[in-house]
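So this block is data-v7.txt, compact mmCIF, C-alpha atoms and all ligand atoms:
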```
# COMPACT_ATOMS: atom_id res chain seq x y z
CA MET A 1 0.00 0.00 0.00
CA LYS A 2 1.16 3.55 -0.66
CA VAL A 3 0.10 5.99 2.05
CA LEU A 4 0.36 9.78 2.09
CA VAL A 5 0.74 11.29 5.57
CA THR A 6 0.40 14.96 6.56
CA GLY A 7 1.98 15.89 9.89
CA ALA A 8 4.40 13.00 9.26
CA THR A 9 7.18 14.83 11.13
CA GLY A 10 5.10 15.05 14.33
CA LEU A 11 4.80 12.82 17.40
CA ILE A 12 2.00 10.64 15.99
CA GLY A 13 3.05 10.96 12.34
CA SER A 14 6.59 9.72 12.87
CA ALA A 15 5.37 6.70 14.87
CA LEU A 16 2.81 6.02 12.12
CA CYS A 17 5.51 6.17 9.41
CA ASP A 18 7.63 3.65 11.37
CA SER A 19 4.68 1.25 11.52
CA LEU A 20 3.84 1.70 7.85
CA PHE A 21 7.43 0.90 6.88
CA ALA A 22 7.52 -2.06 9.27
CA ARG A 23 4.65 -3.66 7.36
CA GLY A 24 6.19 -2.94 3.96
CA ASP A 25 4.16 0.10 2.85
CA ASP A 26 5.49 3.09 0.89
CA VAL A 27 5.10 6.48 2.55
CA VAL A 28 4.76 9.94 1.02
CA GLY A 29 5.00 12.89 3.43
CA LEU A 30 3.90 16.49 3.08
CA SER A 31 5.81 19.07 5.10
CA ARG A 32 6.37 22.82 5.18
CA ASP A 33 10.10 22.03 5.23
CA PRO A 34 10.75 18.87 3.20
CA GLY A 35 14.55 19.30 3.45
CA LYS A 36 14.47 19.15 7.23
CA ALA A 37 11.88 16.37 7.17
CA ARG A 38 14.09 14.32 4.81
CA GLY A 39 16.99 14.68 7.26
CA ALA A 40 14.82 13.29 10.07
CA ASN A 41 13.20 10.51 8.02
CA PRO A 42 14.96 9.75 4.70
CA ARG A 43 12.78 6.74 3.87
CA VAL A 44 9.72 8.94 3.33
CA THR A 45 9.26 10.59 -0.10
CA TRP A 46 8.73 14.23 0.87
CA HIS A 47 6.85 16.99 -0.93
CA ALA A 48 6.52 20.64 0.09
CA TRP A 49 3.16 22.02 1.22
CA GLU A 50 2.09 25.20 3.05
CA PRO A 51 -1.36 24.00 4.13
CA THR A 52 -3.05 27.35 4.71
CA LEU A 53 -1.77 28.97 1.52
CA GLU A 54 -2.26 26.41 -1.26
CA ARG A 55 -3.51 23.00 -2.25
CA PRO A 56 -0.92 20.22 -1.97
CA PRO A 57 0.70 19.18 -5.27
CA ALA A 58 -1.26 16.53 -7.19
CA ALA A 59 2.06 14.82 -8.07
CA ALA A 60 2.46 13.78 -4.42
CA PHE A 61 -0.71 11.63 -4.72
CA GLU A 62 0.46 9.52 -7.67
CA GLY A 63 -0.31 5.88 -6.88
CA VAL A 64 -1.46 6.75 -3.34
CA ASP A 65 -4.06 4.33 -1.92
CA GLY A 66 -4.83 6.07 1.37
CA VAL A 67 -4.24 9.40 3.13
CA VAL A 68 -3.74 10.02 6.85
CA HIS A 69 -4.20 13.69 7.71
CA LEU A 70 -2.66 14.74 11.01
CA LEU A 71 -1.09 18.17 10.67
CA GLY A 72 -2.04 21.17 12.75
CA GLU A 73 -0.57 24.00 14.80
CA LYS A 74 0.07 22.83 18.38
CA ILE A 75 -3.02 23.22 20.59
CA SER A 76 -1.19 23.08 23.93
CA GLN A 77 0.12 26.62 24.04
CA ARG A 78 -1.07 30.00 25.31
CA TRP A 79 -4.11 30.85 23.17
CA THR A 80 -3.18 34.32 21.96
CA GLY A 81 -5.18 35.75 19.03
CA GLU A 82 -2.43 34.72 16.60
CA ALA A 83 -2.11 31.22 18.09
CA LYS A 84 -5.88 30.70 17.84
CA ARG A 85 -5.87 31.82 14.22
CA LYS A 86 -3.13 29.31 13.38
CA ILE A 87 -4.75 26.49 15.39
CA MET A 88 -8.01 27.03 13.49
CA GLU A 89 -6.72 27.80 9.99
CA THR A 90 -4.13 25.01 9.75
CA ARG A 91 -7.04 22.63 10.33
CA ARG A 92 -9.97 24.35 8.57
CA LYS A 93 -8.16 25.71 5.53
CA GLY A 94 -5.45 23.02 5.52
CA THR A 95 -8.07 20.25 5.39
CA HIS A 96 -10.14 22.11 2.77
CA ASN A 97 -7.02 22.50 0.59
CA LEU A 98 -6.05 18.85 1.04
CA VAL A 99 -9.50 17.63 0.02
CA GLY A 100 -9.46 20.10 -2.90
CA THR A 101 -6.48 18.28 -4.42
CA ILE A 102 -7.91 14.83 -3.67
CA ALA A 103 -11.25 15.69 -5.30
CA GLY A 104 -9.49 16.91 -8.46
CA LEU A 105 -7.42 13.73 -8.97
CA GLU A 106 -8.22 11.37 -11.81
CA ARG A 107 -7.28 8.40 -9.62
CA ARG A 108 -8.27 9.19 -6.04
CA PRO A 109 -7.08 7.39 -2.93
CA SER A 110 -9.82 5.12 -1.60
CA VAL A 111 -9.71 6.44 1.98
CA LEU A 112 -9.00 9.59 3.99
CA VAL A 113 -8.29 9.03 7.69
CA SER A 114 -8.62 12.51 9.16
CA GLN A 115 -7.53 13.41 12.66
CA SER A 116 -9.77 15.16 15.19
CA ALA A 117 -9.74 15.31 18.99
CA VAL A 118 -11.95 14.56 22.00
CA GLY A 119 -11.87 18.31 22.66
CA TYR A 120 -14.90 18.15 20.33
CA TYR A 121 -17.05 17.20 23.35
CA GLY A 122 -15.93 20.19 25.46
CA ASN A 123 -15.76 19.98 29.26
CA ARG A 124 -18.22 17.22 30.29
CA GLY A 125 -17.45 16.47 33.95
CA ASP A 126 -17.97 12.76 34.65
CA GLU A 127 -20.58 12.24 31.89
CA VAL A 128 -19.64 9.29 29.66
CA VAL A 129 -19.40 10.52 26.06
CA ASP A 130 -19.27 8.51 22.84
CA GLU A 131 -19.34 9.37 19.15
CA SER A 132 -23.08 10.17 19.25
CA THR A 133 -22.61 12.89 21.90
CA GLY A 134 -22.92 16.48 20.69
CA PRO A 135 -20.14 19.10 20.72
CA GLY A 136 -19.11 21.48 23.50
CA ASP A 137 -18.79 25.24 23.21
CA SER A 138 -15.09 25.86 23.90
CA PHE A 139 -12.67 27.10 21.25
CA ASP A 140 -11.06 23.66 20.78
CA SER A 141 -14.51 22.18 20.26
CA GLU A 142 -15.21 24.79 17.58
CA VAL A 143 -11.86 23.94 15.92
CA THR A 144 -12.65 20.22 15.76
CA ARG A 145 -16.11 20.93 14.32
CA GLU A 146 -14.59 23.02 11.51
CA TRP A 147 -11.82 20.43 10.98
CA GLU A 148 -14.34 17.57 10.68
CA LYS A 149 -16.64 19.64 8.44
CA ALA A 150 -13.78 20.31 6.01
CA ALA A 151 -12.83 16.60 6.03
CA ARG A 152 -16.42 15.63 5.15
CA GLU A 153 -15.95 17.30 1.75
CA ALA A 154 -13.99 14.11 0.86
CA GLU A 155 -17.19 12.05 1.06
CA ALA A 156 -18.75 14.14 -1.70
CA ALA A 157 -15.75 13.16 -3.85
CA GLY A 158 -16.51 9.47 -3.23
CA VAL A 159 -13.64 8.87 -0.82
CA ARG A 160 -14.25 6.77 2.31
CA LEU A 161 -13.74 9.00 5.34
CA ALA A 162 -12.82 8.02 8.90
CA ILE A 163 -12.60 10.83 11.46
CA ILE A 164 -10.47 9.88 14.44
CA ARG A 165 -11.37 11.82 17.62
CA THR A 166 -8.17 11.23 19.54
CA GLY A 167 -7.65 11.50 23.29
CA GLN A 168 -4.41 12.38 25.06
CA VAL A 169 -1.71 10.29 23.37
CA LEU A 170 0.73 8.72 25.83
CA ASP A 171 4.30 8.44 24.55
CA ALA A 172 7.42 8.71 26.72
CA GLY A 173 9.18 10.57 23.88
CA GLY A 174 6.81 13.54 23.64
CA GLY A 175 3.47 15.12 24.52
CA MET A 176 1.86 15.20 27.97
CA LEU A 177 3.53 12.10 29.45
CA ALA A 178 7.04 13.28 28.52
CA GLU A 179 6.30 16.64 30.21
CA LEU A 180 5.09 14.96 33.39
CA LEU A 181 8.01 12.55 33.74
CA THR A 182 10.51 15.05 35.17
CA PRO A 183 8.35 16.48 37.99
CA PHE A 184 7.05 13.01 38.88
CA LYS A 185 10.57 11.53 38.93
CA LEU A 186 11.60 14.39 41.23
CA GLY A 187 8.66 13.55 43.51
CA ILE A 188 6.96 16.89 42.89
CA GLY A 189 4.19 15.62 40.62
CA GLY A 190 0.56 15.19 41.59
CA PRO A 191 -3.06 15.73 40.68
CA ILE A 192 -3.84 18.97 38.89
CA ALA A 193 -6.58 21.44 39.84
CA GLY A 194 -8.31 19.08 42.28
CA GLY A 195 -7.88 15.97 40.07
CA ASP A 196 -11.58 15.24 39.50
CA GLN A 197 -11.48 16.02 35.76
CA TYR A 198 -11.43 13.07 33.38
CA LEU A 199 -8.56 12.24 31.07
CA SER A 200 -9.27 10.20 27.95
CA TRP A 201 -5.88 8.74 27.20
CA ILE A 202 -4.51 6.35 24.57
CA HIS A 203 -1.17 4.55 24.27
CA ILE A 204 0.77 5.65 21.14
CA ASP A 205 0.70 2.04 19.86
CA ASP A 206 -3.12 2.06 19.92
CA GLU A 207 -3.32 5.53 18.36
CA VAL A 208 -1.19 4.24 15.47
CA GLY A 209 -3.10 0.94 15.59
CA ILE A 210 -6.44 2.71 15.12
CA LEU A 211 -5.11 4.88 12.27
CA LEU A 212 -3.83 1.76 10.44
CA TRP A 213 -7.04 -0.16 11.18
CA ALA A 214 -9.13 2.72 9.79
CA LEU A 215 -6.92 2.80 6.67
CA ASP A 216 -7.25 -0.93 6.08
CA LYS A 217 -10.85 -1.77 6.95
CA PRO A 218 -13.44 -0.74 4.35
CA GLU A 219 -16.18 -1.04 7.00
CA VAL A 220 -14.66 1.77 9.11
CA SER A 221 -16.16 5.15 8.25
CA GLY A 222 -17.56 8.14 10.09
CA VAL A 223 -16.40 9.23 13.55
CA VAL A 224 -14.35 6.92 15.76
CA ASN A 225 -13.08 7.85 19.23
CA ALA A 226 -9.42 6.88 19.67
CA THR A 227 -9.31 6.59 23.46
CA ALA A 228 -8.59 3.66 25.77
CA PRO A 229 -11.74 1.89 27.04
CA GLU A 230 -11.25 3.16 30.61
CA PRO A 231 -10.75 6.92 30.83
CA THR A 232 -9.43 7.93 34.24
CA SER A 233 -9.66 10.90 36.55
CA ASN A 234 -6.63 13.13 36.70
CA ARG A 235 -6.15 12.06 40.32
CA ASP A 236 -6.08 8.35 39.44
CA PHE A 237 -3.81 9.04 36.49
CA SER A 238 -1.34 10.81 38.84
CA LYS A 239 -1.45 7.86 41.24
CA ALA A 240 -0.85 5.38 38.40
CA LEU A 241 2.08 7.41 37.08
CA GLY A 242 3.53 7.64 40.59
CA ARG A 243 3.25 3.84 40.91
CA ALA A 244 4.86 3.25 37.50
CA LEU A 245 7.81 5.43 38.51
CA GLY A 246 8.01 4.16 42.08
CA ARG A 247 7.45 7.74 43.33
CA PRO A 248 4.37 8.82 45.28
CA ALA A 249 2.30 11.46 43.51
CA ILE A 250 1.48 13.64 46.46
CA VAL A 251 2.12 17.25 45.47
CA PRO A 252 -1.13 18.71 44.14
CA VAL A 253 -0.77 21.33 41.43
CA PRO A 254 -3.27 24.18 41.93
CA GLY A 255 -5.35 25.23 38.93
CA PHE A 256 -3.98 28.77 38.82
CA VAL A 257 -0.57 27.36 37.80
CA LEU A 258 -2.18 26.27 34.51
CA ASP A 259 -3.66 29.74 34.04
CA LEU A 260 -0.24 31.28 34.65
CA LYS A 261 1.45 28.98 32.16
CA PHE A 262 -1.20 28.82 29.41
CA GLY A 263 -3.47 31.82 30.06
CA SER A 264 -6.98 31.49 31.44
CA GLU A 265 -8.77 30.29 28.25
CA PHE A 266 -6.64 27.20 27.57
CA GLY A 267 -6.03 26.87 31.34
CA THR A 268 -9.79 26.44 31.83
CA VAL A 269 -9.88 23.73 29.16
CA LEU A 270 -7.02 21.89 30.91
CA LYS A 271 -8.88 22.02 34.23
CA GLY A 272 -11.85 20.32 32.55
CA GLY A 273 -11.94 17.15 30.48
CA GLN A 274 -13.97 14.40 28.89
CA ARG A 275 -14.77 10.81 29.82
CA ALA A 276 -14.80 9.54 26.23
CA ILE A 277 -15.21 5.86 25.41
CA PRO A 278 -14.23 4.11 22.13
CA LYS A 279 -17.72 2.75 21.47
CA ARG A 280 -17.47 2.50 17.67
CA ALA A 281 -13.90 1.14 17.60
CA GLN A 282 -14.98 -1.67 19.92
CA GLU A 283 -18.22 -2.33 18.04
CA LEU A 284 -16.27 -2.51 14.78
CA GLY A 285 -13.78 -4.96 16.29
CA TYR A 286 -10.62 -2.94 17.05
CA GLU A 287 -8.65 -4.79 19.73
CA PHE A 288 -6.69 -2.54 22.08
CA LYS A 289 -3.08 -3.52 22.75
CA HIS A 290 -2.98 -1.44 25.94
CA PRO A 291 -6.48 -1.07 27.39
CA ARG A 292 -5.35 -0.69 31.06
CA LEU A 293 -3.58 2.38 32.36
CA ASP A 294 -1.15 0.68 34.78
CA GLU A 295 0.08 -1.70 32.07
CA ALA A 296 0.22 1.08 29.44
CA LEU A 297 2.37 3.26 31.70
CA GLU A 298 4.60 0.35 32.64
CA ASP A 299 5.11 -0.39 28.95
CA LEU A 300 5.95 3.22 28.13
CA ILE A 301 8.27 4.06 31.01
N1 LIG A 401 -0.63 14.28 20.61
C1 LIG A 401 -1.86 14.21 21.15
O1 LIG A 401 -2.03 13.83 22.33
C2 LIG A 401 -3.07 14.55 20.32
C3 LIG A 401 -4.35 14.33 20.85
C4 LIG A 401 -5.47 14.64 20.06
C5 LIG A 401 -5.30 15.17 18.79
N2 LIG A 401 -4.03 15.39 18.32
C6 LIG A 401 -3.89 15.99 16.98
O2 LIG A 401 -3.20 15.08 16.14
C7 LIG A 401 -2.38 15.78 15.22
C8 LIG A 401 -0.96 15.25 15.34
O3 LIG A 401 -0.55 15.37 16.68
P1 LIG A 401 0.99 15.38 17.11
O4 LIG A 401 1.03 15.32 18.59
O5 LIG A 401 1.71 14.35 16.31
O6 LIG A 401 1.41 16.84 16.62
P2 LIG A 401 2.85 17.50 16.48
O7 LIG A 401 3.91 16.59 17.01
O8 LIG A 401 2.72 18.87 17.05
O9 LIG A 401 3.02 17.60 14.88
C9 LIG A 401 2.17 18.41 14.14
C10 LIG A 401 2.51 18.39 12.67
O10 LIG A 401 1.78 19.43 12.03
C11 LIG A 401 2.61 20.27 11.24
N3 LIG A 401 2.42 21.65 11.71
C12 LIG A 401 2.60 22.14 12.95
N4 LIG A 401 2.33 23.46 13.00
C13 LIG A 401 1.97 23.80 11.74
C14 LIG A 401 1.59 25.03 11.14
N5 LIG A 401 1.51 26.19 11.83
N6 LIG A 401 1.31 25.05 9.81
C15 LIG A 401 1.38 23.90 9.11
N7 LIG A 401 1.75 22.70 9.61
C16 LIG A 401 2.04 22.66 10.92
C17 LIG A 401 4.05 19.83 11.44
O11 LIG A 401 4.55 19.44 10.16
P3 LIG A 401 5.77 20.18 9.41
O12 LIG A 401 6.52 20.98 10.42
O13 LIG A 401 6.58 19.05 8.84
O14 LIG A 401 5.12 21.01 8.34
C18 LIG A 401 3.97 18.59 12.36
O15 LIG A 401 4.39 17.43 11.71
C19 LIG A 401 -2.49 17.26 15.57
O16 LIG A 401 -3.42 17.87 14.71
C20 LIG A 401 -3.03 17.25 17.01
O17 LIG A 401 -3.80 18.37 17.33
C21 LIG A 401 -2.93 15.10 19.03
```
Spell out the structure here as structure tokens.
Ligand SMILES: NC(=O)c1ccc[n+]([C@@H]2O[C@H](COP(=O)([O-])OP(=O)(O)OC[C@H]3O[C@@H](n4cnc5c(N)ncnc54)[C@H](OP(=O)(O)O)[C@@H]3O)[C@@H](O)[C@H]2O)c1
Amino acid sequence: MKVLVTGATGLIGSALCDSLFARGDDVVGLSRDPGKARGANPRVTWHAWEPTLERPPAAAFEGVDGVVHLLGEKISQRWTGEAKRKIMETRRKGTHNLVGTIAGLERRPSVLVSQSAVGYYGNRGDEVVDESTGPGDSFDSEVTREWEKAAREAEAAGVRLAIIRTGQVLDAGGGMLAELLTPFKLGIGGPIAGGDQYLSWIHIDDEVGILLWALDKPEVSGVVNATAPEPTSNRDFSKALGRALGRPAIVPVPGFVLDLKFGSEFGTVLKGGQRAIPKRAQELGYEFKHPRLDEALEDLI
């Protein structure tokens, strides 16, 4: 299979490329800086693309069977006006431009696997949410709605579409877990902002597993939550991480620290959360490699 990946230089994208190569697939990557990307991953065939400014080159799609669309400006940063514009436009316009090229191809890929996030559901307390639950009203929820709406244009072009609403991806090499390792190893980690908020997490192997499964299985279409079957409270997550590291997680982090670091808008989102379950992935037969948090953390650390 030949697979085109956007965001292939990122945390999830680079792990996905490794798995695609491991099973013998060819990988085409789109990047703003293909020279740098080639240096990091020479096995990928790279093409240049500025997602908000233009459609990606049709030549990159020659012989491509499936597309995995991951790129986007980092969400975990202080949400200044400029940051919010980039977070939104890389996804809304970037996805619209991507689908524009796909729709104009004579030979189209058969599937688009398009990333989204559980931020779609907004802050839901301890309510269990699945793919049928409606959206929230925070900025990140609005972003995912626009992102998914742009991806749906692929369906009109006759391309199978799977939208992957991803939870917090756990990987020791980057993202949230990597950031938590240092304070927890120093014994100064602990529950954040009271710890009652839910965290819908997923091991990087299952995130990549679900992307590959959605690529391969013709019966997978529509929205799929990519989250482990047992979301956990922030407090229980802190305890589990403390156990995995052999360090007690006893130093609570007050909520205002998040506001200081990220500003109050994104800080408020971080103090909330979702209890999302992977209802459709399980109904459609995806088997999780790491369904339990203790084992997932042990594997990663
Ligand atoms: N990691 C998570 O826990 C998580 C959870 C839910 C959803 N997601 C979503 O999944 C996607 C991939 O996540 P990730 O953690 O792998 O992200 P990442 O490591 O931050 O990588 C993002 C990718 O997007 C491209 N990119 C970044 N900023 C851009 C900009 N301003 N304009 C154009 N391209 C830009 C980069 O490609 P180039 O620099 O090569 O152009 C990079 O490869 C993201 O959309 C993210 O929001 C991630």
*asked:* Counting all atoms listed in the file, what are the residues, protein, DNA or RNA alike, that approach ligand LIG 401 (chain A) to within 6 Å? I want them as a PyMOL selection string.
replied: chain A and resi 7-13+31-33+51+70-75+86+90+115-117+166-169+175
*Residues near Leu105 (chain A), cut-off 12 Å, only C-alpha atoms, skip fewer than 2 positions along chain, as a PyMOL selection string*: chain A and resi 56-64+98-103+107-110+154+157-159
Write to file, as a PDB file, in the coordinates of the input, the residues of the selection just made, with C-alpha atoms.
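Listing of part-v7.pdb after writing:
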```pdb
ATOM      1  CA  PRO A  56      -0.920  20.220  -1.970  1.00  0.00           C
ATOM      2  CA  PRO A  57       0.700  19.180  -5.270  1.00  0.00           C
ATOM      3  CA  ALA A  58      -1.260  16.530  -7.190  1.00  0.00           C
ATOM      4  CA  ALA A  59       2.060  14.820  -8.070  1.00  0.00           C
ATOM      5  CA  ALA A  60       2.460  13.780  -4.420  1.00  0.00           C
ATOM      6  CA  PHE A  61      -0.710  11.630  -4.720  1.00  0.00           C
ATOM      7  CA  GLU A  62       0.460   9.520  -7.670  1.00  0.00           C
ATOM      8  CA  GLY A  63      -0.310   5.880  -6.880  1.00  0.00           C
ATOM      9  CA  VAL A  64      -1.460   6.750  -3.340  1.00  0.00           C
ATOM     10  CA  LEU A  98      -6.050  18.850   1.040  1.00  0.00           C
ATOM     11  CA  VAL A  99      -9.500  17.630   0.020  1.00  0.00           C
ATOM     12  CA  GLY A 100      -9.460  20.100  -2.900  1.00  0.00           C
ATOM     13  CA  THR A 101      -6.480  18.280  -4.420  1.00  0.00           C
ATOM     14  CA  ILE A 102      -7.910  14.830  -3.670  1.00  0.00           C
ATOM     15  CA  ALA A 103     -11.250  15.690  -5.300  1.00  0.00           C
ATOM     16  CA  ARG A 107      -7.280   8.400  -9.620  1.00  0.00           C
ATOM     17  CA  ARG A 108      -8.270   9.190  -6.040  1.00  0.00           C
ATOM     18  CA  PRO A 109      -7.080   7.390  -2.930  1.00  0.00           C
ATOM     19  CA  SER A 110      -9.820   5.120  -1.600  1.00  0.00           C
ATOM     20  CA  ALA A 154     -13.990  14.110   0.860  1.00  0.00           C
ATOM     21  CA  ALA A 157     -15.750  13.160  -3.850  1.00  0.00           C
ATOM     22  CA  GLY A 158     -16.510   9.470  -3.230  1.00  0.00           C
ATOM     23  CA  VAL A 159     -13.640   8.870  -0.820  1.00  0.00           C
TER      24      VAL A 159
END
```
*Can you work out the spacing between CA of Ala178 (chain A) and CA of Leu241 (chain A) in Å, to one decimal?*
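CA of Ala178 (chain A) sits 11.5 Å away from CA of Leu241 (chain A).
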*With all atoms listed in the file as the basis for distance, which of A:Gly273, A:Gly195, A:Gly209, A:Pro218 is at the shortest distance from Arg124 (chain A)?*
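Looking only at the distances to Arg124 (chain A), the closest residue turns out to be A:Gly273.
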Please provide the set of residues having any atom within 7 Å of Asp25 (chain A), restricted to all atoms listed in the file, with same-chain residues fewer than 2 positions apart removed, written as a CSV table (one decimal) with C-alpha atoms, keeping the file's coordinate frame.
```csv
chain,number,residue,atom,x,y,z
A,1,MET,CA,0.0,0.0,0.0
A,2,LYS,CA,1.2,3.6,-0.7
A,20,LEU,CA,3.8,1.7,7.8
A,21,PHE,CA,7.4,0.9,6.9
A,23,ARG,CA,4.6,-3.7,7.4
A,27,VAL,CA,5.1,6.5,2.6
```
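Across A:Glu54, A:Lys93, A:Asp205, A:Val129, the tightest approach to Ser19 (chain A) is made by A:Asp205 when counting all atoms listed in the file.
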*Just how far from CA of Asn234 (chain A) is CA of Tyr120 (chain A), in Å to one decimal?*
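Atom-to-atom, CA of Tyr120 (chain A) to CA of Asn234 (chain A), that is 19.0 Å.
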_Between CA of Glu127 (chain A) and CA of Ala276 (chain A), what is the distance in Å, rounded to a tenth?_
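Taking CA of Glu127 (chain A) as the start and CA of Ala276 (chain A) as the end point, the length is 8.5 Å.
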*Identify which of the residues A:Arg43, A:Ala150, A:Ser141, A:Arg38 lies closest to His69 (chain A), counting only C-alpha atoms when measuring atom-to-atom distances.*
A:Ala150
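Of the residues listed (A:Val251, A:Leu161, A:Val208, A:Val143), A:Val251 shows the shortest atom-to-atom separation from Pro191 (chain A); distances use all atoms listed in the file.
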*Of the residues A:Leu270, A:Val128, A:Val5, A:Ile250, which is the one nearest to Gly66 (chain A), using all atoms listed in the file?*
A:Val5
*Contacts of Ile163 (chain A) at 10 Å or less, counting all atoms listed in the file, minus same-chain residues fewer than 6 places along, as a list in words?*
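Contacts, with the query itself left out: His69, Leu112, Val113, Ser114, Gln115, Ser116, Ala117, Trp147, Glu148, Ala151, Arg152, Leu211, Ala214, Val220, Ser221, Gly222, Val223, Val224, Asn225 and Ala226 of chain A.
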*Which of A:Arg235, A:Asp130, A:Tyr121, A:Leu186 sits closest to Arg145 (chain A) [using only C-alpha atoms]*: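 Nearest to Arg145 (chain A): A:Tyr121.
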_Nearby residues (all atoms listed in the file) at most 6 Å from region 287-298 of chain A, same-chain spacing under 3 positions excluded, as an NGL selection string_ = :A and (228 or 240 or 244 or 301)
